[in-house]
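Step one of this worksheet: look at the structure below.
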Amino acid sequence: MKCAIFGPPYSGKSTLFAAVGGHRPDPGSVGQEHHAVVKVPDPRLDFLTGLYQPKKTTHATLELLDLPGFSPNDAHGRDALTKALPWMRQCDVLIAVVRDFESDAVPAYRDRVDAQSDLAELLEELVYADLLTTTKR
C-alpha cells in the first residue's frame, strides 16, 4: 500500500516518517521527497507459514512517501503542491499532518497554531487542485 505524508512546513511530517519508516531523512535533503518501504509484521501470517510450510511467504508492505511541506499562501508553495500532486495521486492513502504543538525552536505556520484551520486549508487546496484538473480535461 502506498501512503503519502503531506502538510504545511514544520508540522511533523518527517518525524512521523522517521517513526514509521525507521530512519531519518538527511538534513541536507530538505525540500525533497523521501521514500521508505516498511514490512508490516503479522503474527497470524507467521503462524500460518509455520503450519503449512509454503514455498514462498509474502509479507504486507507499506510504501511511505514523505513530501516536502508546502504553504498555499505564496506562489512557491502552490508550485510545490503542483509538483507533489502526481505523487499523491499514485498513492492509496493520504496522511495529512498538521501542527498542534507550541515550540520556540520551530516557527509556527502562519504565526499561529491552529490544527483545524490548517487541515481545512489543506483539504480545500486538494479539492481546488482536483477542480483545476477537471477543468483542464
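FYI, nothing fancy with the C-alpha cells labels: chains A, B, ... in order, residues from 1 per chain, ligands from 1 as they appear.
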
Check your understanding: Using only C-alpha atoms, which residues sit within 12 Å of stretch 89-98 of chain A once same-chain residues fewer than 6 positions away are excluded, as JSON, numbers by chain?
Key -> {"A": [1, 2, 3, 4, 5, 6, 7, 8, 9, 10, 11, 12, 13, 14, 15, 16, 17, 62, 63, 64, 65, 66, 67, 68, 69, 70, 71, 81, 82, 83, 108, 109, 112, 113, 114, 115, 116, 117, 118, 119, 120, 121, 122, 123, 126, 129, 130, 133]}

Got time to write the residues from that selection, N, CA and C atoms, as a compact mmCIF listing (two decimals), in the first residue's frame?
```
# COMPACT_ATOMS: atom_id res chain seq x y z
N MET A 1 0.85 -1.16 0.00
CA MET A 1 0.00 0.00 0.00
C MET A 1 0.90 1.23 0.00
N LYS A 2 0.59 2.17 -0.86
CA LYS A 2 1.37 3.40 -0.95
C LYS A 2 0.70 4.50 -0.12
N CYS A 3 1.50 5.16 0.70
CA CYS A 3 1.00 6.22 1.58
C CYS A 3 1.82 7.48 1.38
N ALA A 4 1.16 8.61 1.22
CA ALA A 4 1.84 9.90 1.09
C ALA A 4 1.59 10.71 2.34
N ILE A 5 2.66 11.26 2.91
CA ILE A 5 2.57 12.12 4.09
C ILE A 5 2.79 13.55 3.62
N PHE A 6 1.79 14.42 3.84
CA PHE A 6 1.90 15.79 3.37
C PHE A 6 1.35 16.76 4.41
N GLY A 7 1.67 18.03 4.25
CA GLY A 7 1.18 19.04 5.16
C GLY A 7 2.02 20.30 5.09
N PRO A 8 1.73 21.27 5.94
CA PRO A 8 2.49 22.52 5.96
C PRO A 8 3.92 22.29 6.45
N PRO A 9 4.79 23.26 6.23
CA PRO A 9 6.16 23.13 6.74
C PRO A 9 6.18 23.04 8.27
N TYR A 10 7.15 22.30 8.79
CA TYR A 10 7.40 22.17 10.24
C TYR A 10 6.19 21.63 11.01
N SER A 11 5.44 20.74 10.39
CA SER A 11 4.27 20.19 11.08
C SER A 11 4.55 18.83 11.71
N GLY A 12 5.64 18.18 11.36
CA GLY A 12 5.98 16.88 11.93
C GLY A 12 5.92 15.74 10.94
N LYS A 13 5.89 16.06 9.64
CA LYS A 13 5.81 15.02 8.62
C LYS A 13 7.03 14.10 8.65
N SER A 14 8.21 14.70 8.68
CA SER A 14 9.44 13.89 8.67
C SER A 14 9.61 13.12 9.97
N THR A 15 9.11 13.65 11.07
CA THR A 15 9.16 12.93 12.34
C THR A 15 8.29 11.68 12.27
N LEU A 16 7.08 11.82 11.72
CA LEU A 16 6.21 10.66 11.54
C LEU A 16 6.83 9.66 10.58
N PHE A 17 7.42 10.16 9.49
CA PHE A 17 8.10 9.30 8.51
C PHE A 17 9.22 8.52 9.18
N LEU A 62 4.26 -1.38 3.47
CA LEU A 62 3.81 -0.01 3.31
C LEU A 62 4.90 0.74 2.59
N GLU A 63 4.55 1.41 1.51
CA GLU A 63 5.48 2.30 0.83
C GLU A 63 5.16 3.71 1.28
N LEU A 64 6.08 4.33 1.99
CA LEU A 64 5.86 5.66 2.53
C LEU A 64 6.55 6.70 1.67
N LEU A 65 5.87 7.80 1.47
CA LEU A 65 6.42 8.92 0.71
C LEU A 65 6.26 10.17 1.57
N ASP A 66 7.38 10.75 1.97
CA ASP A 66 7.39 11.98 2.77
C ASP A 66 7.56 13.14 1.81
N LEU A 67 6.50 13.92 1.63
CA LEU A 67 6.54 15.05 0.72
C LEU A 67 7.01 16.31 1.44
N PRO A 68 7.69 17.21 0.75
CA PRO A 68 8.11 18.45 1.40
C PRO A 68 6.90 19.29 1.79
N GLY A 69 7.06 20.08 2.85
CA GLY A 69 5.98 20.94 3.31
C GLY A 69 5.70 22.04 2.31
N PHE A 70 4.45 22.42 2.21
CA PHE A 70 4.08 23.49 1.29
C PHE A 70 3.08 24.42 1.95
N SER A 71 3.15 25.67 1.55
CA SER A 71 2.23 26.68 2.05
C SER A 71 1.48 27.25 0.86
N LEU A 81 3.03 22.26 -4.25
CA LEU A 81 1.84 21.41 -4.25
C LEU A 81 1.58 20.83 -5.64
N THR A 82 1.73 21.66 -6.66
CA THR A 82 1.51 21.20 -8.03
C THR A 82 2.50 20.09 -8.39
N LYS A 83 3.75 20.21 -7.94
CA LYS A 83 4.75 19.18 -8.20
C LYS A 83 4.46 17.90 -7.43
N ALA A 108 6.03 28.77 13.79
CA ALA A 108 4.67 28.30 13.56
C ALA A 108 4.22 28.68 12.15
N TYR A 109 3.44 27.81 11.56
CA TYR A 109 2.86 28.06 10.24
C TYR A 109 1.85 29.20 10.36
N ARG A 112 0.75 31.05 13.89
CA ARG A 112 -0.27 30.59 14.83
C ARG A 112 -0.29 29.08 14.81
N VAL A 113 -0.83 28.49 15.85
CA VAL A 113 -1.01 27.04 15.91
C VAL A 113 -2.51 26.78 15.95
N ASP A 114 -3.06 26.35 14.81
CA ASP A 114 -4.49 26.07 14.70
C ASP A 114 -4.67 24.88 13.77
N ALA A 115 -4.68 23.70 14.33
CA ALA A 115 -4.70 22.47 13.54
C ALA A 115 -5.96 22.34 12.69
N GLN A 116 -7.11 22.72 13.22
CA GLN A 116 -8.35 22.57 12.46
C GLN A 116 -8.35 23.47 11.23
N SER A 117 -7.90 24.71 11.36
CA SER A 117 -7.85 25.61 10.21
C SER A 117 -6.84 25.14 9.18
N ASP A 118 -5.69 24.64 9.66
CA ASP A 118 -4.67 24.15 8.74
C ASP A 118 -5.16 22.94 7.96
N LEU A 119 -5.86 22.03 8.64
CA LEU A 119 -6.40 20.86 7.97
C LEU A 119 -7.46 21.26 6.96
N ALA A 120 -8.35 22.17 7.33
CA ALA A 120 -9.38 22.64 6.39
C ALA A 120 -8.73 23.28 5.17
N GLU A 121 -7.67 24.05 5.38
CA GLU A 121 -6.98 24.69 4.26
C GLU A 121 -6.34 23.65 3.33
N LEU A 122 -5.72 22.61 3.91
CA LEU A 122 -5.13 21.55 3.09
C LEU A 122 -6.19 20.84 2.25
N LEU A 123 -7.30 20.51 2.88
CA LEU A 123 -8.36 19.81 2.14
C LEU A 123 -8.95 20.70 1.04
N LEU A 126 -6.64 20.61 -1.91
CA LEU A 126 -6.75 19.37 -2.68
C LEU A 126 -8.00 19.37 -3.55
N ALA A 129 -7.31 21.67 -6.43
CA ALA A 129 -6.42 21.03 -7.42
C ALA A 129 -7.20 20.04 -8.28
N ASP A 130 -8.12 19.29 -7.68
CA ASP A 130 -8.96 18.38 -8.45
C ASP A 130 -9.87 19.15 -9.41
N THR A 133 -7.84 20.20 -12.38
CA THR A 133 -7.60 19.05 -13.26
C THR A 133 -8.84 18.74 -14.09
```

Check your understanding: Can you list, as a list in words, every residue of stretch 48-101 of chain A that DSSP puts in strand (DSSP E)?
Key -> Thr61, Leu62, Glu63, Leu64, Leu65, Asp66, Val93, Leu94, Ile95 and Ala96 of chain A

Check your understanding: Interatomic distance between atom CA of A:Lys39 and atom CA of A:Ala60?
Key -> 6.0 Å

Practice item. Write down as a ChimeraX atom specification the residues of chain A whose backbone DSSP state falls under alpha helix (DSSP H). Key: /A:13-21,43-52,75-89,115-136

Check your understanding: What does the distance from atom CA of A:Val20 to atom CA of A:Val38 come to in Å, to one decimal?
Key -> 7.7 Å

Exercise for review: Using only C-alpha atoms, pick whichever of A:Tyr52, A:Asp104, A:Thr134, A:His35 has the shortest atom-to-atom distance to A:Gly22.
Suggested key: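 Closest candidate: A:His35.
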
Check your understanding: Hey, which of A:Phe47, A:Asn73, A:Ala84, A:Arg110 ends up closest to A:His34? Count only C-alpha atoms.
Key ->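 Of A:Phe47, A:Asn73, A:Ala84, A:Arg110, the one nearest A:His34, counting only C-alpha atoms, is A:Ala84.
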
Exercise for review: Work out how far atom CA of A:Arg78 is from atom CA of A:Glu33, in Å to one decimal.
Suggested key: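 A separation of 16.1 Å between them.
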
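Nearest to A:Asp42 of all the residues A:Thr61, A:Ala18, A:Arg24, A:Trp87 is A:Thr61, counting only C-alpha atoms.
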